[in-house]
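Structure file work-v8.cif with mmCIF, C-alpha atoms:
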```
data_input
loop_
_atom_site.group_PDB
_atom_site.id
_atom_site.type_symbol
_atom_site.label_atom_id
_atom_site.label_comp_id
_atom_site.auth_asym_id
_atom_site.auth_seq_id
_atom_site.Cartn_x
_atom_site.Cartn_y
_atom_site.Cartn_z
ATOM 1 C CA MET A 205 57.479 77.214 119.556
ATOM 2 C CA ILE A 206 58.251 80.493 121.284
ATOM 3 C CA LYS A 207 61.494 78.995 122.636
ATOM 4 C CA LYS A 208 62.605 78.008 119.094
ATOM 5 C CA ALA A 209 61.789 81.472 117.738
ATOM 6 C CA LEU A 210 63.659 83.140 120.586
ATOM 7 C CA THR A 211 66.695 80.880 120.062
ATOM 8 C CA ALA A 212 66.688 81.679 116.328
ATOM 9 C CA ALA A 213 66.414 85.410 117.027
ATOM 10 C CA VAL A 214 69.352 85.318 119.458
ATOM 11 C CA ALA A 215 71.488 83.346 116.977
ATOM 12 C CA LEU A 216 70.637 85.793 114.180
ATOM 13 C CA ALA A 217 71.467 88.809 116.358
ATOM 14 C CA ALA A 218 74.795 87.248 117.339
ATOM 15 C CA ALA A 219 75.654 86.560 113.698
ATOM 16 C CA PHE A 220 74.936 90.174 112.712
ATOM 17 C CA GLY A 221 76.901 91.465 115.700
ATOM 18 C CA LEU A 222 79.978 89.484 114.671
ATOM 19 C CA ALA A 223 79.726 90.524 111.020
ATOM 20 C CA GLY A 224 81.412 93.861 111.876
ATOM 21 C CA CYS A 225 84.397 92.031 113.362
ATOM 22 C CA SER A 226 87.094 90.696 111.103
ATOM 23 C CA ASN A 227 88.591 88.726 114.026
ATOM 24 C CA PRO A 228 85.537 87.555 115.999
ATOM 25 C CA THR A 229 87.572 85.293 118.289
ATOM 26 C CA GLY A 230 89.753 88.213 119.361
ATOM 27 C CA LYS A 231 92.944 86.167 119.013
ATOM 28 C CA SER A 232 95.794 88.611 119.388
ATOM 29 C CA TRP A 233 99.122 89.071 121.132
ATOM 30 C CA ALA A 234 100.248 91.407 123.922
ATOM 31 C CA ILE A 235 103.488 92.856 122.545
ATOM 32 C CA SER A 236 106.078 95.181 124.099
ATOM 33 C CA TYR A 237 108.523 97.092 121.922
ATOM 34 C CA GLU A 238 111.796 98.268 123.451
ATOM 35 C CA VAL A 239 114.522 100.498 122.013
ATOM 36 C CA THR A 240 117.758 101.063 123.924
ATOM 37 C CA GLY A 241 121.012 102.892 123.303
ATOM 38 C CA SER A 242 122.765 106.073 124.224
ATOM 39 C CA GLY A 243 121.401 109.508 123.488
ATOM 40 C CA THR A 244 118.136 110.019 121.647
ATOM 41 C CA THR A 245 116.326 108.930 118.495
ATOM 42 C CA THR A 246 115.087 111.101 115.653
ATOM 43 C CA GLY A 247 112.052 108.840 115.282
ATOM 44 C CA ILE A 248 110.436 105.511 116.029
ATOM 45 C CA THR A 249 107.886 103.653 113.904
ATOM 46 C CA TYR A 250 105.931 100.682 115.280
ATOM 47 C CA SER A 251 102.952 98.551 114.268
ATOM 48 C CA GLN A 252 99.798 98.130 116.330
ATOM 49 C CA SER A 253 96.312 96.658 115.858
ATOM 50 C CA VAL A 254 93.366 98.955 116.496
ATOM 51 C CA ASP A 255 91.863 96.402 118.883
ATOM 52 C CA ARG A 256 91.886 92.653 119.406
ATOM 53 C CA TYR A 257 88.792 92.099 117.224
ATOM 54 C CA GLN A 258 90.116 93.780 114.059
ATOM 55 C CA ASP A 259 92.291 91.616 111.839
ATOM 56 C CA ASP A 260 94.660 94.364 110.746
ATOM 57 C CA SER A 261 97.425 96.582 111.985
ATOM 58 C CA SER A 262 98.758 100.024 111.176
ATOM 59 C CA ASP A 263 102.034 101.861 111.605
ATOM 60 C CA HIS A 264 102.457 104.663 114.118
ATOM 61 C CA GLN A 265 105.280 107.165 113.748
ATOM 62 C CA LEU A 266 106.791 109.176 116.590
ATOM 63 C CA THR A 267 109.149 112.030 115.761
ATOM 64 C CA GLY A 268 112.029 112.975 118.007
ATOM 65 C CA PRO A 269 114.094 113.676 119.693
ATOM 66 C CA LEU A 270 112.884 110.807 121.877
ATOM 67 C CA GLY A 271 114.788 109.767 124.980
ATOM 68 C CA LEU A 272 116.055 106.261 125.558
ATOM 69 C CA PRO A 273 115.262 103.692 126.757
ATOM 70 C CA TRP A 274 111.852 103.711 125.053
ATOM 71 C CA LYS A 275 109.062 101.157 125.557
ATOM 72 C CA GLN A 276 105.547 100.771 124.134
ATOM 73 C CA ASP A 277 102.938 98.080 124.918
ATOM 74 C CA VAL A 278 100.533 97.223 122.072
ATOM 75 C CA ILE A 279 98.140 94.567 120.787
ATOM 76 C CA ILE A 280 98.883 92.791 117.493
ATOM 77 C CA SER A 281 96.277 90.585 115.794
ATOM 78 C CA ALA A 282 97.278 86.950 115.323
ATOM 79 C CA GLY A 283 99.148 86.371 112.067
ATOM 80 C CA ARG A 284 100.180 90.027 111.693
ATOM 81 C CA ASP A 285 103.647 91.600 111.787
ATOM 82 C CA ALA A 286 104.960 93.117 114.994
ATOM 83 C CA LYS A 287 107.619 95.628 113.945
ATOM 84 C CA VAL A 288 109.599 98.510 115.412
ATOM 85 C CA THR A 289 112.211 100.710 113.689
ATOM 86 C CA ALA A 290 114.258 103.442 115.362
ATOM 87 C CA THR A 291 116.733 105.945 113.917
ATOM 88 C CA PRO A 292 119.447 107.339 116.204
ATOM 89 C CA THR A 293 120.462 110.925 116.600
ATOM 90 C CA GLY A 294 124.089 111.294 115.517
ATOM 91 C CA ASP A 295 126.390 108.282 115.684
ATOM 92 C CA ALA A 296 124.635 106.382 118.474
ATOM 93 C CA THR A 297 124.136 102.624 118.168
ATOM 94 C CA LEU A 298 120.635 101.400 118.971
ATOM 95 C CA SER A 299 119.185 97.999 119.861
ATOM 96 C CA CYS A 300 115.590 96.806 119.858
ATOM 97 C CA ARG A 301 113.521 93.936 121.206
ATOM 98 C CA ILE A 302 109.996 92.626 120.751
ATOM 99 C CA LEU A 303 108.602 90.878 123.813
ATOM 100 C CA LEU A 304 105.538 88.673 124.178
ATOM 101 C CA ASP A 305 103.619 89.281 127.412
ATOM 102 C CA GLY A 306 106.467 91.496 128.610
ATOM 103 C CA SER A 307 108.962 88.658 129.029
ATOM 104 C CA LYS A 308 109.441 86.217 126.119
ATOM 105 C CA VAL A 309 111.814 87.646 123.493
ATOM 106 C CA LEU A 310 110.324 87.218 120.019
ATOM 107 C CA ALA A 311 112.927 89.289 118.159
ATOM 108 C CA LYS A 312 116.008 91.379 118.901
ATOM 109 C CA ALA A 313 118.543 93.277 116.844
ATOM 110 C CA SER A 314 121.325 95.833 116.988
ATOM 111 C CA ALA A 315 121.950 98.493 114.380
ATOM 112 C CA PRO A 316 124.453 97.405 111.716
ATOM 113 C CA ALA A 317 126.649 100.456 112.419
ATOM 114 C CA PRO A 318 126.686 103.664 114.468
ATOM 115 C CA GLY A 319 124.160 106.178 113.150
ATOM 116 C CA LYS A 320 122.165 103.527 111.272
ATOM 117 C CA PRO A 321 118.511 102.574 111.962
ATOM 118 C CA VAL A 322 117.643 99.373 113.812
ATOM 119 C CA THR A 323 114.606 97.185 113.021
ATOM 120 C CA CYS A 324 113.029 94.288 114.887
ATOM 121 C CA SER A 325 110.160 92.339 113.345
ATOM 122 C CA LYS A 326 108.246 89.134 113.954
ATOM 123 C CA THR A 327 105.084 87.707 112.379
ATOM 124 C CA THR A 328 102.841 86.536 115.205
ATOM 125 C CA ASP A 329 101.460 83.010 115.259
ATOM 126 C CA LYS A 330 97.883 82.459 114.187
#
```
For the structure just supplied, provide its representation as structure tokens.
Amino acid sequence: MIKKALTAAVALAAAFGLAGCSNPTGKSWAISYEVTGSGTTTGITYSQSVDRYQDDSSDHQLTGPLGLPWKQDVIISAGRDAKVTATPTGDATLSCRILLDGSKVLAKASAPAPGKPVTCSKTTDK
């Protein structure tokens, strides 16, 4: 009887502990953002999840001038958008990439014209 009560108490405690997590399995992706080009950027915006157990993401904005190449490693919850946007200083042409685990290219792009922003985005698999 005591064993059953203890098992029930542990299960109940675990259920309440997971209630604060919107992603209790912690399924998420290790993402690297890269921006390359000549010169500097006036700003970079990228998405990031708070931690692997929260099923959301938020945008972070860096203001420049920022030197290139630029790289940032983040965590993105499964099923969320990984996205980076960079704006060049002057007439530079920028490129960006999103990498999974630092090696597999999920997305890449080059700016449509000199002086124009570049954006890379990819919705991660669930």
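Rounded to one decimal, CA of Gly241 in chain A and CA of Ala317 in chain A lie 12.5 Å from each other.
Here the PyMOL selection byres ((chain A and resi 249) around 7) matches the residues Gly247, Ile248, Tyr250, Asp263, His264, Gln265, Leu266, Val288, Thr289 and Ala290 of chain A.
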Subject >> Surrounding residues of Asp329 in chain A excluding itself and chain neighbours under 4 positions, 12 Å, all atoms listed in the file, as a ChimeraX atom specification >> reply: /A:231-233,280-286,304,310
**OP:** Tell me, in Å to one decimal, how far CA of Asp295 in chain A is from CA of Trp274 in chain A.
**Re:** 17.9 Å
Using the file's own x, y and z axes, so that the box edges lie along x, y and z, what centre and edge lengths in Å (one decimal) does a box around every listed atom of range 289-305 of chain A get when 3 Å is added on each side? Give it as JSON.
```
{"center_x": 115.0, "center_y": 100.0, "center_z": 120.6, "size_x": 28.8, "size_y": 28.6, "size_z": 19.7}
```
**OP:** Report the residues retrieved by the PyMOL selection byres ((chain A and resi 240) around 8) from the displayed file, expressed as a ChimeraX atom specification.
**Re:** /A:238-239,241-242,272-274,298-300
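Among the candidates A:Ser251, A:Ser307, A:Thr291, A:Ser236, the one nearest to Gly271 in chain A when counting all atoms listed in the file is A:Thr291.
Residue nearest Ser253 in chain A, chosen from A:Ile279, A:Tyr237, A:Thr293, A:Lys326 and counting all atoms listed in the file: A:Ile279.
Interatomic distance, CA of Asp277 in chain A to CA of Leu303 in chain A: 9.2 Å.
Across A:Ile302, A:Val278, A:Ala315, A:Leu270, the tightest approach to Thr246 in chain A is made by A:Leu270 when counting only C-alpha atoms.
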Subject >> 6 Å contact set for Ala311 in chain A, all atoms listed in the file, chain neighbours under 2 positions out, as a count of residues only >> reply: 4
Can you patch up range 232-250 of chain A, filling it in to N, CA, C and O atoms, and show the result as a compact mmCIF listing (two decimals), in the coordinates of the input?
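Okay, this is what ended up in selection21.txt:
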```
# COMPACT_ATOMS: atom_id res chain seq x y z
N SER A 232 94.77 87.60 119.61
CA SER A 232 95.79 88.61 119.39
C SER A 232 96.90 88.42 120.42
O SER A 232 96.78 87.58 121.31
N TRP A 233 97.94 89.21 120.30
CA TRP A 233 99.12 89.07 121.13
C TRP A 233 99.43 90.37 121.86
O TRP A 233 99.35 91.45 121.27
N ALA A 234 99.80 90.25 123.14
CA ALA A 234 100.25 91.41 123.92
C ALA A 234 101.74 91.56 123.66
O ALA A 234 102.55 90.70 124.04
N ILE A 235 102.12 92.63 123.00
CA ILE A 235 103.49 92.86 122.54
C ILE A 235 104.06 94.09 123.23
O ILE A 235 103.37 95.09 123.40
N SER A 236 105.34 94.02 123.60
CA SER A 236 106.08 95.18 124.10
C SER A 236 107.24 95.44 123.16
O SER A 236 107.99 94.52 122.82
N TYR A 237 107.37 96.67 122.72
CA TYR A 237 108.52 97.09 121.92
C TYR A 237 109.48 97.83 122.85
O TYR A 237 109.06 98.65 123.66
N GLU A 238 110.77 97.57 122.68
CA GLU A 238 111.80 98.27 123.45
C GLU A 238 112.89 98.74 122.51
O GLU A 238 113.32 97.99 121.62
N VAL A 239 113.36 99.96 122.73
CA VAL A 239 114.52 100.50 122.01
C VAL A 239 115.48 101.03 123.07
O VAL A 239 115.08 101.79 123.95
N THR A 240 116.74 100.62 122.97
CA THR A 240 117.76 101.06 123.92
C THR A 240 118.97 101.58 123.17
O THR A 240 119.16 101.29 121.99
N GLY A 241 119.79 102.34 123.87
CA GLY A 241 121.01 102.89 123.30
C GLY A 241 121.36 104.15 124.06
O GLY A 241 120.72 104.51 125.04
N SER A 242 122.38 104.82 123.58
CA SER A 242 122.76 106.07 124.22
C SER A 242 122.17 107.24 123.45
O SER A 242 121.92 107.16 122.26
N GLY A 243 121.90 108.31 124.16
CA GLY A 243 121.40 109.51 123.49
C GLY A 243 119.92 109.46 123.22
O GLY A 243 119.13 109.01 124.06
N THR A 244 119.54 109.91 122.03
CA THR A 244 118.14 110.02 121.65
C THR A 244 117.93 109.45 120.25
O THR A 244 118.89 109.13 119.56
N THR A 245 116.65 109.34 119.86
CA THR A 245 116.33 108.93 118.50
C THR A 245 115.65 110.09 117.77
O THR A 245 115.02 110.93 118.40
N THR A 246 115.79 110.10 116.45
CA THR A 246 115.09 111.10 115.65
C THR A 246 113.67 110.65 115.34
O THR A 246 112.84 111.44 114.93
N GLY A 247 113.40 109.36 115.52
CA GLY A 247 112.05 108.84 115.28
C GLY A 247 111.96 107.36 115.51
O GLY A 247 112.95 106.63 115.42
N ILE A 248 110.74 106.93 115.83
CA ILE A 248 110.44 105.51 116.03
C ILE A 248 109.12 105.22 115.31
O ILE A 248 108.16 105.98 115.43
N THR A 249 109.09 104.12 114.57
CA THR A 249 107.89 103.65 113.90
C THR A 249 107.58 102.25 114.43
O THR A 249 108.49 101.41 114.51
N TYR A 250 106.31 102.00 114.78
CA TYR A 250 105.93 100.68 115.28
C TYR A 250 104.54 100.32 114.79
O TYR A 250 103.73 101.19 114.46
```
